[in-house]
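Before any comments, here is the structure.
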Amino acid sequence: MLKLYNTLTRKKQVFKPVKPGQVGIYSCGPTVYNQVHIGNLRAFLFADLLRRYLKFSGYKLKHIMNITDVDDKTILGSQQEKISLEKFTKKYTELFFETLMDLNIEAVEEYPKATEHIKEMVTLVKKLLQQGYAYKAQDGIYFDISKFKDYGKLSHLNIKNLKAGASGRIKEDEYDKKNVQDFVLWKFWTEDDGEVFWETGIGKGRPGWHLECSAMSSKYLGQPFDIHTGGVDLVFPHHENEIAQSEAATGKKFVNFWMHNEHLMVDGKKMSKSLGNFYTLKDLEEKGFSPRTVRYALLSIHYRQKVNLTDALLEQAHESVKKINDFVIEAEAGEDSNSGDMAELIKRSRKEFKKAMNDDLNIGQGLNVLFNFMKTANKFGPGEKAVEFVREIDSILDILKDQSIPTEIQRLAQKRDEARKNKDFKESDKIREELLNKGYEIRDKQEGYIIVATTPMA
């Protein structure tokens, strides 16, 4: 029985989807004005873990992740580079998808762009105006939070204590509005926007950030849908505002489960360019850590715990990834035990793994189950059945190396690496030559090595 922590209720609840056997998920995606940093990547890896475990549990998914390609940051960036907004955001959108691929993050079912859903946003604003939840001011159209009695139910904040600028993302959100807490739905065009605007029935301008997610999630998933994910920094004001405008417009509950991952720290400090601890995936690769290592490091800590990213954590993650990969290589070369011990071990381990993951995705306990399995399996002489179980778990972890490299080649590469570490360079060079003759090249990295086919693989 899967239980997930719901930010809305502040407790773990049994997960029951709106439609039996199907799950609708909306994950807040990137604002494409720069390369994603590792803090962003934790949120996307968490969403990937959730997605993969739901699939592992037999659910069919409709997972949506938006692309924010119009806001202050994207407009300013395009103006500074003196290119169109579309060309500017296209560059960073492509970089985003490249990073997802590098980290083995599964593609979701839809990646809607904000600029392609202006019609839906305008329709939503019109509804809010008609129902008295929104009003026009000199600079734009605002949501009147005093009209929505449940405002603050997600973040558990007292709206009377809110300060100006806390509920918006367009400049300081200090326009001509009734209450300082009100947030912008639609910003009327100004010269600062340049050529970025839409002529609509609610005026010439562009959408507010919060409006985008409500319009797109409702279009693709309806209301209510099952799960909304994002970082804890989005609980307020972004997700709070999504709830207000979505529920005010429809009179229906917006989302059943809100799931938020905690912050990522670097060496115990908040990531900041000024502190010199601001990293992208490429930066970590240049330090010698592979995407698989980074993936494991960020997944191995429970999503509701802060991650303190250090070289020590990444080195530990590298060793764990290596240990799992080495187990598979060795086990594939072995023979299955004829005893029932292995079958019983697999059955018990699968049950324990699911029990851990069903407890709000307790991946730490799940990994303990995996390593205990490998330790015990080695006593029996692991073979293909053991490999099948590890691969079953890896459908969630996705940290095994490309097994299109033949086992024989992987074993030779491992043997050569051991010889090199033992400073037996004569044996190391001999094996390297043997591998080259078989069509594979070993390329040494700071963190280990990779195997590259030098001839096309069949």
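Ligands are numbered from 1 in the order shown, chains are lettered A, B, ... in the order of the structure tokens, and residues start at 1 in each chain.
Excluding Ile450 of chain A and any residue on its chain fewer than 4 positions from it, the residues at most 10 Å away by only C-alpha atoms are Lys401, Gln410, Ala413, Glu441, Ile442, Arg443, Asp444 and Lys445 of chain A.
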Spatial neighbours of Lys87 of chain A, max dist 12 Å, only C-alpha atoms, sep filter under 6 positions, as a ChimeraX atom specification = /A:32-33,69-70,74-75,77-79,81,93-94
Expressed in Å, the length from atom CA of Arg348 of chain A to atom CA of Ala47 of chain A is 27.3 Å
Expressed in Å, the length from atom CA of Asn378 of chain A to atom CA of Tyr53 of chain A is 26.5 Å
Which residues of segment 249-365 of chain A have any atom within 9 Å of an atom in segment 217-235 of chain A when counting only C-alpha atoms, and what is the closest pair of atoms for each, with the distance in Å to one decimal? Order the rows by chain and rising number and write it as JSON lines.
{"residue": "A:Thr250", "atom": "CA", "partner": "A:Gln223", "partner_atom": "CA", "distance": 8.3}
{"residue": "A:Lys252", "atom": "CA", "partner": "A:Gln223", "partner_atom": "CA", "distance": 6.6}
{"residue": "A:Lys253", "atom": "CA", "partner": "A:Pro224", "partner_atom": "CA", "distance": 5.4}
{"residue": "A:Phe254", "atom": "CA", "partner": "A:Pro224", "partner_atom": "CA", "distance": 4.7}
{"residue": "A:Val255", "atom": "CA", "partner": "A:Pro224", "partner_atom": "CA", "distance": 5.1}
{"residue": "A:Asn256", "atom": "CA", "partner": "A:Asp226", "partner_atom": "CA", "distance": 5.2}
{"residue": "A:Phe257", "atom": "CA", "partner": "A:Ile227", "partner_atom": "CA", "distance": 4.7}
{"residue": "A:Trp258", "atom": "CA", "partner": "A:His228", "partner_atom": "CA", "distance": 5.0}
{"residue": "A:Met259", "atom": "CA", "partner": "A:Thr229", "partner_atom": "CA", "distance": 4.9}
{"residue": "A:His260", "atom": "CA", "partner": "A:Gly231", "partner_atom": "CA", "distance": 5.0}
{"residue": "A:Asn261", "atom": "CA", "partner": "A:Gly231", "partner_atom": "CA", "distance": 4.8}
{"residue": "A:Glu262", "atom": "CA", "partner": "A:Val232", "partner_atom": "CA", "distance": 5.6}
{"residue": "A:His263", "atom": "CA", "partner": "A:Val232", "partner_atom": "CA", "distance": 7.0}
{"residue": "A:Arg304", "atom": "CA", "partner": "A:Val232", "partner_atom": "CA", "distance": 9.0}
Give me, as a tab-separated table, each residue of segment 253-320 of chain A that comes within 10 Å of segment 100-120 of chain A, together with its shortest interatomic pair and the distance in Å at one decimal, counting only C-alpha atoms, with rows ordered by chain and rising residue number.
residue	atom	partner	partner_atom	distance
A:Leu281	CA	A:Leu103	CA	8.8
A:Lys282	CA	A:Asp102	CA	9.9
A:Ser290	CA	A:Leu103	CA	9.1
A:Pro291	CA	A:Leu103	CA	5.4
A:Arg292	CA	A:Leu103	CA	6.5
A:Thr293	CA	A:Leu103	CA	9.2
A:Val294	CA	A:Leu103	CA	7.8
A:Arg295	CA	A:Leu103	CA	6.0
A:Tyr296	CA	A:Leu103	CA	9.5
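Of the residues listed (A:Ile141, A:Asn325, A:Lys423, A:Asp429), A:Asn325 shows the shortest atom-to-atom separation from Val390 of chain A; distances use only C-alpha atoms.
Proximity to Ile145 of chain A at 9 Å, evaluated using only C-alpha atoms and with sequence-adjacent residues fewer than 6 positions away removed, yields Tyr133, Ala134, Tyr151, Ile159, Asn179, Gln181, Asp182, Phe183, Asn241 and Ala244 of chain A.
Atom CA of Phe56 of chain A sits 26.0 Å away from atom CA of Pro30 of chain A.
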